[in-house]
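See below for the structure under consideration.
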Amino acid sequence: GTATSARGTLNYTSGTIIGTFERWFATSSTGTTFLYPIGSLANYRPVNIAFANISTAGKLAYTFTTTPPDNAGLPLTATGITSYNNFNDGQWIATGTSLVSTNYNLTLDGNGFTAFPFTANTRILTNTSGSWVDNGTHGTQVNTVISRTAITGVTGSFAFASDHNCTLPSLVTISGTSLPCKNTTVSYSVSHSVGSTYAWTIPAGASISGPTTK
């Protein structure tokens, strides 16, 4: 699509968009479910959205990122369920221009998420101003697919939250040059994180050694 008067049509068969997918909506674009076939290199993690109302027409884009959401605002209790941790497998980012809706349904698929088990208490949380909140009403949970109804405000970040009260292992980054010279010795290291595992991959012909080599 190019405008609210030329919204375009998605004819989806298969595949995953790695990056941002944008759609246009008119005030009459209600009562229909719209697909965003996005995800990561490894997993299809689509968004489905259905508007109950649109007061101002505009466009809305979604991106899935593997950047872990933080836990700002957690723990959060709503309708008797306390969310302690967001899944650190990634999050969905919605950006828009002009589009205004105060009532829509959202369905997200966390295909491949492993941070926590998916249960009836898994929730979709929203972040628009620095803290995660319970926006709308919990819908259903079917395997890795979670829905939420009566959400207000179309832009922001969306993540899955778990009622498991635990401390996730911290994410670590390897230290060392990414461009070593040929026939030289370089050192790489990561900080110790309880509960984490590490896998080292080196080019063919290189060698690796050390007291904690794996």
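Each chain of the structure tokens is named A, B, ... in the order shown, its residues numbered from 1; ligands are numbered from 1 in display order.
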
Could you produce a table of the residues of region 50-105 of chain A lying within 8 Å of region 25-42 of chain A, with the nearest pair of atoms per residue and their separation in Å rounded to one decimal, using only C-alpha atoms, ordered by chain and increasing residue number, as a Markdown table?
| residue | atom | partner | partner_atom | distance |
| --- | --- | --- | --- | --- |
| A:Ala50 | CA | A:Thr33 | CA | 4.4 |
| A:Phe51 | CA | A:Thr30 | CA | 4.9 |
| A:Ala52 | CA | A:Thr30 | CA | 5.6 |
| A:Asn53 | CA | A:Thr30 | CA | 6.1 |
| A:Ile54 | CA | A:Thr27 | CA | 4.9 |
| A:Ser55 | CA | A:Thr27 | CA | 6.1 |
| A:Thr56 | CA | A:Thr27 | CA | 6.2 |
| A:Ala57 | CA | A:Ala26 | CA | 4.6 |
| A:Gly58 | CA | A:Phe25 | CA | 5.5 |
| A:Lys59 | CA | A:Phe25 | CA | 5.9 |
| A:Leu60 | CA | A:Phe25 | CA | 7.8 |
| A:Tyr62 | CA | A:Tyr36 | CA | 7.1 |
| A:Thr63 | CA | A:Ile38 | CA | 6.8 |
| A:Phe64 | CA | A:Gly39 | CA | 5.5 |
| A:Thr65 | CA | A:Ser40 | CA | 7.2 |
| A:Thr66 | CA | A:Ser40 | CA | 7.4 |
| A:Leu99 | CA | A:Phe25 | CA | 7.5 |

Excluding Thr149 (chain A) and any residue of its chain fewer than 4 positions from it, enumerate the residues within 8 Å of it, using only C-alpha atoms, and give them as number ranges by chain. A: 103-106, 136-139

Report as a PyMOL selection string all protein, DNA and RNA residues lying within 12 Å of Ala78 (chain A), evaluated on only C-alpha atoms, omitting residues in the same chain fewer than 4 positions from it. chain A and resi 74+82-84+121-125+133-138+163

Take the selection from the previous step and output its residues with N, CA and C atoms, as a CSV table (one decimal), in the first residue's frame.
chain,number,residue,atom,x,y,z
A,74,LEU,N,8.1,-4.7,36.2
A,74,LEU,CA,7.8,-6.0,36.8
A,74,LEU,C,8.4,-6.2,38.2
A,82,THR,N,0.5,-12.8,38.4
A,82,THR,CA,1.6,-11.9,38.6
A,82,THR,C,2.7,-12.3,37.5
A,83,SER,N,3.0,-11.3,36.7
A,83,SER,CA,4.1,-11.5,35.7
A,83,SER,C,5.4,-11.1,36.3
A,84,TYR,N,6.4,-12.0,36.4
A,84,TYR,CA,7.7,-11.7,37.1
A,84,TYR,C,8.8,-11.4,36.0
A,121,ASN,N,-1.0,-18.9,31.9
A,121,ASN,CA,-0.7,-17.6,32.6
A,121,ASN,C,0.3,-16.7,31.9
A,122,THR,N,0.7,-17.2,30.7
A,122,THR,CA,1.6,-16.4,29.9
A,122,THR,C,0.8,-15.2,29.3
A,123,ARG,N,1.4,-14.0,29.4
A,123,ARG,CA,0.7,-12.8,29.1
A,123,ARG,C,1.4,-11.9,28.0
A,124,ILE,N,0.7,-11.2,27.2
A,124,ILE,CA,1.3,-10.1,26.4
A,124,ILE,C,1.3,-8.8,27.2
A,125,LEU,N,2.5,-8.2,27.3
A,125,LEU,CA,2.6,-6.9,28.0
A,125,LEU,C,3.0,-5.9,26.9
A,133,VAL,N,3.3,-2.7,30.9
A,133,VAL,CA,2.0,-2.6,31.5
A,133,VAL,C,1.1,-3.7,30.9
A,134,ASP,N,0.0,-3.9,31.6
A,134,ASP,CA,-1.1,-4.8,31.2
A,134,ASP,C,-2.1,-4.0,30.5
A,135,ASN,N,-2.0,-4.0,29.1
A,135,ASN,CA,-2.9,-3.2,28.3
A,135,ASN,C,-3.9,-4.1,27.6
A,136,GLY,N,-5.2,-3.8,27.9
A,136,GLY,CA,-6.3,-4.6,27.4
A,136,GLY,C,-6.6,-5.8,28.3
A,137,THR,N,-7.2,-6.9,27.7
A,137,THR,CA,-7.6,-8.1,28.4
A,137,THR,C,-7.0,-9.3,27.8
A,138,HIS,N,-6.5,-10.2,28.7
A,138,HIS,CA,-5.9,-11.4,28.2
A,138,HIS,C,-7.0,-12.2,27.4
A,163,ASP,N,4.8,-16.0,34.6
A,163,ASP,CA,4.5,-15.9,36.0
A,163,ASP,C,5.6,-16.7,36.8

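When only C-alpha atoms are used to compute distances to Asn86 (chain A), the closest of the residues A:Asn143, A:Thr128, A:Phe116, A:Phe160 turns out to be A:Phe160.
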
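Each of A:Ser131, A:Ser101, A:Ser187, A:His164 was checked against Ile151 (chain A) using only C-alpha atoms; the smallest atom-to-atom distance is that of A:Ser101.
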
Fewer than 6 positions away in the same chain doesn't count, so skip those; otherwise give me all residues within 12 Å of Thr114 (chain A), counting only C-alpha atoms, as a ChimeraX atom specification. /A:86-90,144,160,162,168

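The space between CA of Asn43 (chain A) and CA of Val145 (chain A) spans 13.3 Å.
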
Could you go through region 49-176 of chain A and tell me which residues DSSP, when run on the backbone, assigns to strand (DSSP E or B), listing them as a PyMOL selection string? chain A and resi 49-53+56+58-65+76-78+81-83+85-86+91-97+100+103-109+123-127+132-133+137-142+145-151+156-162+175

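Nearest to Val142 (chain A) of all the residues A:Phe113, A:Tyr44, A:Trp24, A:Phe118 is A:Phe118, based on only C-alpha atoms.
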
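With only C-alpha atoms as the atoms that count, the minimum distance from Gly19 (chain A) to the choices A:Ala159, A:Ile93, A:Asn71, A:Asn183 is reached by A:Ile93.
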